[in-house]
Amino acid sequence: MTRYLKYIDIIIFSVAGFYLIWLYTKYSGVGLSPDSVMYTSAARSLHTNGSLITFNNTAITDFPVFYSVFLWLGLVVTGIDPFAAGWFLDALLFATLIFLSGFIIQKFNPGSWIYKWLMLLAILLSPALLQVYTYLWSETLFTVIILVFIISARQYFVKHTMVSLLVFAFVAALSSITRYAGVTIIGTGGLLLLMDRVLPLKKKITHIVIYGLAACSLLVLNLLRNILSTSRLTGPREASFTPFLKNVYYFGTVMCDWAGFSEKSYPYATLIAFLLFAWLIGILIYNYSKKQVSSYENLVIAFTFVYGAFIIISSTLSRYERINSRLLSPMFITLLLSCTYWVINIIRKTKPPLKYVTSAIAILLMLGFSAWEVHKPQGTNPNSMEGDYQRYDDESEFGIPGYSDDSWNKSPFAMYLKTDHSLFKPGIPVYSDANDAMYFLSGAKVKLLPHRYFTSDIQKFYQVKHYYLVWFASMDNPELISLKDIVKIENLKLLKEFAPGTDDNAYIGGSIYEYDSK
């Protein structure tokens with residue numbers, strides 16, 4: 001019994017985390033975005049048809065398969081659809097995340113219960129993590145796997161057995177089919193193996209080869225499935241138009257937000273990003289020279305460096321949403337620990353009375369940081385985070401932004417699409433600028449308007465002789481051809497129109513059109 005009592009404080013924080021997710025999602029359920037609909041449609045298809053087919057009637061390739069499989073497992077166990085069970089899955093994952101964080105922090109050398117409590121409080125109240133864990137997003141599972149990876153890596157570097165190596169590699173493999181960014185975990189494992197100074201060279205090479213093959217196995221199978229299903233490795237991808245230094249700047253602005261700096265610090269965001277990476281590299285080199293590769297502290301630093309560098313480089317090569325808090329959220333915990341663990345050593349080596357002064361300052365700073373997480377004012381930049389209290393105040397009244405909030409729940413347009421399908425004649429294709437929204441509302445699998453960058457798809461669309469178009473005016477996806485583009489070429493007939501709401505009732509509006517070349 002005594003063995004388990006040492007985790008009682010971590011369990012208390014974990015229960016508090018579970019409660020917080022329930023509190024944020026109790027008004028209208030878990031937050032739902034287009035990604036959420038994609039994952040859920042594949043999970044439903046796996047449950048009913050035994051295949052991971054999305055609402056697009058294609059195999060899921062934009063995202064790896066495991067999060068949809070996870071949602072399917074939740075559906076099998078609970079019998080509840082992911083849209084309804086999402087809050088519970090998120091709450092359970094957030095509680096697990098906090099417990100694993102506490103377990104890792106407790107293993108720091110030297111450990112400190114005050115440091116552990118302060119770190120767990122900061123993790124519990126993190127706006128970056130609370131945002132992610134109130135949505136049906138794969139980052140929720142991915143971030144938990146990161147911490148499991150760190151624990152399994154530690155077990156391997158302590159034991160150096162074949163079993164621990166295979167477990168270490170399997171966790172890395174699992175991460176890569178949860179999010180494609182899981183290659184950073186595979187890369188982190190490879191970097192740590194190269195830094196290991198315990199094994200003889202021949203055995204070390206053998207372990208690196210075995211790790212590489214095992215860690216990449218599931219990703220290779222996932223990519224092979226993608227090619228066979230759609231002829232594309234990871235779905236449609238476009239080249240980035242954001243240069244490297246701009247991505248470094250965006251990375252730095254997120255770091256400013258996380259650190260509690262105001263938007264006035266943004267001009268220094270690039271410098272802050274470079275200084276952070278210099279710090280991480282310097283600590284990795286120092287730990288290597290001191291043969292401290294296997295410490296939990298070094299493991300979290302290694303992942304933070306690899307993941308941060310990957311996001312910047314991949315954003316420079318491939319086009320997706322600009323670097324923001326959601327994209328970087330998987331590194332929040334490891335970054336927090338990387339930037340604070342050394343305080344324990346400094347305080348322990350300091351003699352009284354300076355030791356007590358230093359301890360008091362450190363505690364007050366961390367308590368102030370947690371208070372800022374709760375009461376952070378909303379900045380003018382749309383990509384900046386708001387504090388926990390302001391976000392709860394908004395979402396307890398209107399719901400979490402996305403398909404489950406009041407702008408959709410109370411929209412006459414959304415209600416019409418949910419309940420009345422008589423307008424659409426069978427056999428005539430339906431297109432939309434938000435086919436994920438159509439699937440969410442009515443379960444209908446309609447076609448997405450072509451991306452403006454794929455000219456062959458646009459030509460095929462204009463060759464269709466008869467179709468319906470469901471246009472969501474508020475979605476405004478610049479990646480797709482617009483309503484203005486279409487009416488320049490084809491004569492659309494307006495069948496239904498719903499005006500968007502006012503400021504007091506800001507629900508979504510839209511229109512339904514028909515095109516018939518006859």
# chains A, B, ... in the order shown; residues from 1 in each chain; ligands from 1
$ select_by_dssp --residues "segment 232-350 of chain A" --states "alpha helix (DSSP H)" --output "JSON, numbers by chain"
{"A": [244, 245, 246, 247, 248, 249, 250, 251, 252, 253, 254, 255, 256, 257, 258, 259, 269, 270, 271, 272, 273, 274, 275, 276, 277, 278, 279, 280, 281, 282, 283, 284, 285, 286, 287, 288, 289, 296, 297, 298, 299, 300, 301, 302, 303, 304, 305, 306, 307, 308, 309, 310, 311, 312, 313, 314, 315, 316, 317, 325, 326, 327, 328, 332, 333, 334, 335, 336, 337, 338, 342, 343, 344, 345, 346, 347, 348, 349]}
$ residues_around --residues "Lys445 of chain A" --least-positions-apart "5" --cutoff "7 Å" --atoms "only C-alpha atoms" --output "JSON, numbers by chain"
{"A": [55, 56, 439]}
$ write_last_selection --atoms "N, CA, C and O atoms" --output "mmCIF file, in the first residue's frame"
data_model
loop_
_atom_site.group_PDB
_atom_site.id
_atom_site.type_symbol
_atom_site.label_atom_id
_atom_site.label_comp_id
_atom_site.auth_asym_id
_atom_site.auth_seq_id
_atom_site.Cartn_x
_atom_site.Cartn_y
_atom_site.Cartn_z
ATOM 1 N N PHE A 55 -15.703 10.236 -44.753
ATOM 2 C CA PHE A 55 -16.905 10.771 -45.392
ATOM 3 C C PHE A 55 -16.648 11.179 -46.844
ATOM 4 O O PHE A 55 -17.584 11.443 -47.591
ATOM 5 N N ASN A 56 -15.390 11.249 -47.242
ATOM 6 C CA ASN A 56 -15.041 11.530 -48.639
ATOM 7 C C ASN A 56 -15.130 10.295 -49.524
ATOM 8 O O ASN A 56 -14.841 10.360 -50.709
ATOM 9 N N TYR A 439 -21.496 16.210 -43.659
ATOM 10 C CA TYR A 439 -21.507 14.884 -43.045
ATOM 11 C C TYR A 439 -21.868 14.981 -41.570
ATOM 12 O O TYR A 439 -22.651 14.179 -41.052
#
$ closest_atom_pairs --of "segment 105-131 of chain A" --to "segment 312-330 of chain A" --cutoff "9 Å" --atoms "only C-alpha atoms" --output "Markdown table"
| residue | atom | partner | partner_atom | distance |
| --- | --- | --- | --- | --- |
| A:Ala128 | CA | A:Ser329 | CA | 6.0 |
| A:Leu129 | CA | A:Ser329 | CA | 6.4 |
| A:Gln131 | CA | A:Arg326 | CA | 7.8 |
$ residues_around --residues "Val76 of chain A" --least-positions-apart "6" --cutoff "12 Å" --atoms "only C-alpha atoms" --output "short mmCIF file (atom, residue, chain, number, x, y, z; two decimals) with C-alpha atoms, in the first residue's frame"
data_model
loop_
_atom_site.label_atom_id
_atom_site.label_comp_id
_atom_site.auth_asym_id
_atom_site.auth_seq_id
_atom_site.Cartn_x
_atom_site.Cartn_y
_atom_site.Cartn_z
CA ALA A 43 -13.89 5.14 -36.94
CA ARG A 44 -17.58 4.68 -37.79
CA LEU A 46 -14.31 0.66 -39.33
CA HIS A 47 -17.12 -0.24 -36.94
CA THR A 48 -19.77 -0.85 -39.62
CA VAL A 69 -8.67 3.09 -34.51
CA PHE A 70 -8.53 4.49 -30.96
CA PRO A 82 -17.17 9.37 -30.63
CA ALA A 85 -18.11 10.02 -25.95
#
$ residues_around --residues "segment 430-435 of chain A" --least-positions-apart "4" --cutoff "8 Å" --atoms "only C-alpha atoms" --output "ChimeraX atom specification"
/A:56,439,445-449,467-472,475,477,480
$ residues_around --residues "Cys216 of chain A" --least-positions-apart "5" --cutoff "8 Å" --atoms "only C-alpha atoms" --output "MDAnalysis selection string"
chainID A and resid 173 176 186
$ residues_around --residues "segment 346-362 of chain A" --least-positions-apart "3" --cutoff "12 Å" --atoms "only C-alpha atoms" --output "PyMOL selection string"
chain A and resi 109-112+114-115+118-119+340-343+365-369
$ write_last_selection --atoms "C-alpha atoms" --output "compact mmCIF listing (two decimals), in the first residue's frame"
# COMPACT_ATOMS: atom_id res chain seq x y z
CA ASN A 109 17.37 13.55 -9.85
CA PRO A 110 17.32 15.14 -7.38
CA GLY A 111 13.55 15.13 -6.97
CA SER A 112 11.49 17.75 -5.17
CA ILE A 114 7.40 21.27 -4.31
CA TYR A 115 8.79 21.35 -7.86
CA LEU A 118 4.28 23.45 -9.21
CA MET A 119 4.90 21.71 -12.51
CA THR A 340 12.93 24.51 -15.25
CA TYR A 341 14.53 21.25 -14.06
CA TRP A 342 17.90 22.90 -13.40
CA VAL A 343 16.35 25.15 -10.74
CA LEU A 365 7.44 32.90 -10.07
CA MET A 366 5.79 29.55 -10.79
CA LEU A 367 2.67 30.45 -8.83
CA GLY A 368 2.55 33.70 -10.77
CA PHE A 369 2.90 31.74 -14.01
$ closest_residue --among "A:Ile428, A:Ile481, A:Val15, A:Leu364" --to "His466 of chain A" --atoms "only C-alpha atoms"
A:Ile428
$ residues_around --residues "segment 137-146 of chain A" --least-positions-apart "2" --cutoff "6 Å" --atoms "only C-alpha atoms" --output "number ranges by chain"
A: 36, 67, 97, 133, 135, 148-149, 330
$ atom_distance --atom1 "atom CA of Val248 of chain A" --atom2 "atom CA of Val300 of chain A"
21.0 Å
